[in-house]
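Inspection log for the structure reproduced underneath, given as structure tokens.
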Amino acid sequence: MQDLCCAGAGEHAHWAAAATGRNAVEPARANGRRTTRPAPRRPPRYSALALVRHGLSGKEWPRAWRDHPLGTSYDVVIVGAGVHGLAAAYYLAANHGITNVAVLDKSYLGGGGSGRSTAILRSNYLTPEGVRFYDRSMELYRTLAADLDYNVMFSRRGHLTLAHNDSSLRTMRWRAEVNKLQGVDSELIGPAEIKRLVPYLDISPDTRYPILGALYHPPGGIIRHDAVNWGYARAADVYGVQIHQGTEVTGIDVADGRVRGVRTNRGDIATPVVLNCTAGWSTLVAAMAGVRLPIQTFPLQAAVTEPVRPFLHSVVVSGTLHVYVSQTDRGELVFGASVDPFASYSTRGSLEFAEGLATHVIELMPALSKMRLLRQWSGLCDMTPDFSPIMGGTGVDGFYVDVGWGTYGFKAGPVSGEAMAECIATGRTPEIIASFGLDRFGEGRLVGEKGAAAVGH
Ligand code: PYC
């Protein structure tokens, strides 16, 4: 396994270098004494008064983020303008004063996993490392609207993971105990309480997969994923971060074990730091720097119904039936399932998925049989062997990864951005991501989160 982790020369020396900051962005910049762009421009604050004033003025709203000519050098280049890349750019600027940053995306902002996610938030994981990590993300999500001056529509709903057999009940109890020890609100509840929270669920004992109990996680909920992407983009732009859509990275220049720059379809860029924040293409981008990742990519399908009056006030997940469902503020039901059973880069939907989904949803909530699906889509999930992400430095100085998000990526956006920004700015791996390093696969320190996946895989 060692070769998977540290492809590139001088494995352990490079790891030590990454940990001690040889490839960190200069502290002078990190401390804000030297920013390479002007002080943040002040866009109008969004408020009811601003809305009225602006409506009366008849003027166009200023663009939330600007287009720029592609520069020839940046202090940091981030590959991937999804929630992870945009959050990292924002926290580099806001927390560390590093503003000479370009975020590149071969497609459009939020057009990958971040625009395809079912946007469920929770921190009821299985390992202490996972629970602490995702809980910090929940903490950041709770105040994100105020922090970014952007309504991200965070909605605390309560999150239920149903158990249909004894072994699932045991895992739910285990997760509840780990969660409580980390100060996260989770408990095991029985069918009567489940029925009180979700009256439309069929809890009768004579169904094919009777509901025996559930892990109940009151702080869990949903968010408007596009608003999160746009909010981070707008806030990063205020600091002078440049977002370049339609800019595909075609190569990464590495010499003497250090990153020198990236090549793109729009020209070459010199940079000492590249952060790979892609999903679906993470292995391909890493390979450009000579880094191999233990990741396989699978499609994950999702679907949405026509809107109906609000009746589902919790997020409901059934691992056994491979389904999760929540109701948006507009009334649509958003469904997802497990990843497709074969590795692929396809983002097409399948009839098989829609049929399986409908069967399982109706087993859970028979009253939904008359609802119509409006749309289905698919996103790409990078699965690691232990279902935990890969974050931090690599065997190549200046090449960082924030990848391997499986089906959990969106909920981790804020904490990942915060931690990766700190990692790059200081050259030290923050404690909160210390367990997620690439070296764990070679050293046998896996962080097994499969038992906390929303659905079985
Ligand atoms: O892990 O909560 C989750 C999740 C929901 C949808 C995909 N993954």
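Ordering of the structure tokens sets the chain letters (A, B, ...); residue numbers start at 1 within each chain; ligands are numbered from 1 in the order shown.
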
Protein and nucleic acid residues within 6 Å of ligand 1 (only C-alpha atoms and all ligand atoms) as an MDAnalysis selection string
chainID A and resid 118 120 407:408 453:454

Proximity check range 193-258 of chain A to range 164-188 of chain A, 6 Å, nearest pairs one decimal Å, only C-alpha atoms, as a tab-separated table:
```
residue	atom	partner	partner_atom	distance
A:Tyr209	CA	A:His164	CA	5.6
A:Pro210	CA	A:His164	CA	5.5
A:Ile211	CA	A:His164	CA	4.8
A:Leu212	CA	A:His164	CA	5.4
A:Ala214	CA	A:Leu188	CA	5.6
A:Leu215	CA	A:Leu188	CA	4.7
A:Tyr216	CA	A:Glu187	CA	5.3
A:His217	CA	A:Ser186	CA	4.4
```

Among range 189-336 of chain A, which residues carry a DSSP assignment of alpha helix (DSSP H), reported as a count of residues only?
28

What does the structure give for the distance between CA of Phe133 in chain A and CA of Val79 in chain A, in Å to one decimal?
22.6 Å

When distances are computed from only C-alpha atoms, which of A:Arg224, A:His313, A:His68, A:Arg428 shows the smallest separation from Gly392 in chain A?
A:Arg428

For Ser338 in chain A, please output as a ChimeraX atom specification all residues within 12 Å (counting only C-alpha atoms; exclusion window: fewer than 2 positions along the same chain).
/A:298-302,317-324,335-336,340-342,353,356-357,378-381,383,406-408,453-457

So which residues of range 262-395 of chain A fall under strand (DSSP E or B) by DSSP, listed as a ChimeraX atom specification?
/A:262-264,267-270,274-276,296-305,315-318,323-327,333-339,373-383,390-393

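The closest residue to Ile424 in chain A, picked from A:Trp377, A:Leu275, A:Ala233, A:Ser204 and counting only C-alpha atoms, is A:Leu275.
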
Write out as a PDB file with N, CA and C atoms, in the first residue's frame each polymer residue whose atoms come within 9 Å of Gly85 in chain A, counting only C-alpha atoms; drop sequence neighbours fewer than 3 positions from it.
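Saved file part-v3.pdb follows:
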```
ATOM      1  N   ILE A  78      -6.314  26.875  -6.576  1.00  0.00           N
ATOM      2  CA  ILE A  78      -7.227  25.832  -6.095  1.00  0.00           C
ATOM      3  C   ILE A  78      -7.932  25.249  -7.310  1.00  0.00           C
ATOM      4  N   VAL A  79      -7.925  23.933  -7.416  1.00  0.00           N
ATOM      5  CA  VAL A  79      -8.579  23.286  -8.556  1.00  0.00           C
ATOM      6  C   VAL A  79      -9.935  22.770  -8.080  1.00  0.00           C
ATOM      7  N   GLY A  80     -10.997  23.312  -8.660  1.00  0.00           N
ATOM      8  CA  GLY A  80     -12.359  22.904  -8.289  1.00  0.00           C
ATOM      9  C   GLY A  80     -13.105  24.035  -7.600  1.00  0.00           C
ATOM     10  N   ALA A  81     -14.116  24.597  -8.297  1.00  0.00           N
ATOM     11  CA  ALA A  81     -14.916  25.683  -7.692  1.00  0.00           C
ATOM     12  C   ALA A  81     -16.227  25.137  -7.161  1.00  0.00           C
ATOM     13  N   GLY A  82     -16.105  24.128  -6.301  1.00  0.00           N
ATOM     14  CA  GLY A  82     -17.261  23.638  -5.557  1.00  0.00           C
ATOM     15  C   GLY A  82     -17.156  24.179  -4.136  1.00  0.00           C
ATOM     16  N   ALA A  88     -12.209  27.000   0.909  1.00  0.00           N
ATOM     17  CA  ALA A  88     -10.763  27.112   1.186  1.00  0.00           C
ATOM     18  C   ALA A  88     -10.268  28.494   0.770  1.00  0.00           C
ATOM     19  N   ALA A  89     -10.724  28.963  -0.401  1.00  0.00           N
ATOM     20  CA  ALA A  89     -10.298  30.280  -0.884  1.00  0.00           C
ATOM     21  C   ALA A  89     -10.770  31.370   0.082  1.00  0.00           C
ATOM     22  N   TYR A  90     -12.012  31.254   0.513  1.00  0.00           N
ATOM     23  CA  TYR A  90     -12.563  32.269   1.427  1.00  0.00           C
ATOM     24  C   TYR A  90     -11.784  32.300   2.745  1.00  0.00           C
ATOM     25  N   VAL A 103      -9.186  30.302  -8.087  1.00  0.00           N
ATOM     26  CA  VAL A 103      -9.968  29.065  -8.042  1.00  0.00           C
ATOM     27  C   VAL A 103     -10.340  28.733  -9.483  1.00  0.00           C
ATOM     28  N   LEU A 104      -9.901  27.574  -9.949  1.00  0.00           N
ATOM     29  CA  LEU A 104     -10.132  27.194 -11.346  1.00  0.00           C
ATOM     30  C   LEU A 104     -11.168  26.078 -11.412  1.00  0.00           C
ATOM     31  N   LEU A 275      -3.978  23.276  -4.575  1.00  0.00           N
ATOM     32  CA  LEU A 275      -4.883  22.491  -3.723  1.00  0.00           C
ATOM     33  C   LEU A 275      -5.906  21.807  -4.626  1.00  0.00           C
ATOM     34  N   ASN A 276      -5.921  20.478  -4.551  1.00  0.00           N
ATOM     35  CA  ASN A 276      -6.855  19.690  -5.370  1.00  0.00           C
ATOM     36  C   ASN A 276      -8.146  19.511  -4.586  1.00  0.00           C
ATOM     37  N   CYS A 277      -9.182  20.241  -4.998  1.00  0.00           N
ATOM     38  CA  CYS A 277     -10.496  20.152  -4.334  1.00  0.00           C
ATOM     39  C   CYS A 277     -11.524  19.591  -5.300  1.00  0.00           C
ATOM     40  N   THR A 278     -11.152  18.641  -6.106  1.00  0.00           N
ATOM     41  CA  THR A 278     -12.099  18.122  -7.091  1.00  0.00           C
ATOM     42  C   THR A 278     -12.774  16.853  -6.559  1.00  0.00           C
ATOM     43  N   ASP A 402      -7.723  17.713  -0.879  1.00  0.00           N
ATOM     44  CA  ASP A 402      -8.935  17.744  -0.047  1.00  0.00           C
ATOM     45  C   ASP A 402      -9.955  16.939  -0.860  1.00  0.00           C
ATOM     46  N   GLY A 413     -17.997  20.881   3.719  1.00  0.00           N
ATOM     47  CA  GLY A 413     -17.403  22.016   3.004  1.00  0.00           C
ATOM     48  C   GLY A 413     -16.753  23.051   3.911  1.00  0.00           C
ATOM     49  N   GLY A 417     -12.684  23.666   4.222  1.00  0.00           N
ATOM     50  CA  GLY A 417     -12.088  24.917   3.755  1.00  0.00           C
ATOM     51  C   GLY A 417     -11.281  25.572   4.856  1.00  0.00           C
TER      52      GLY A 417
END
```
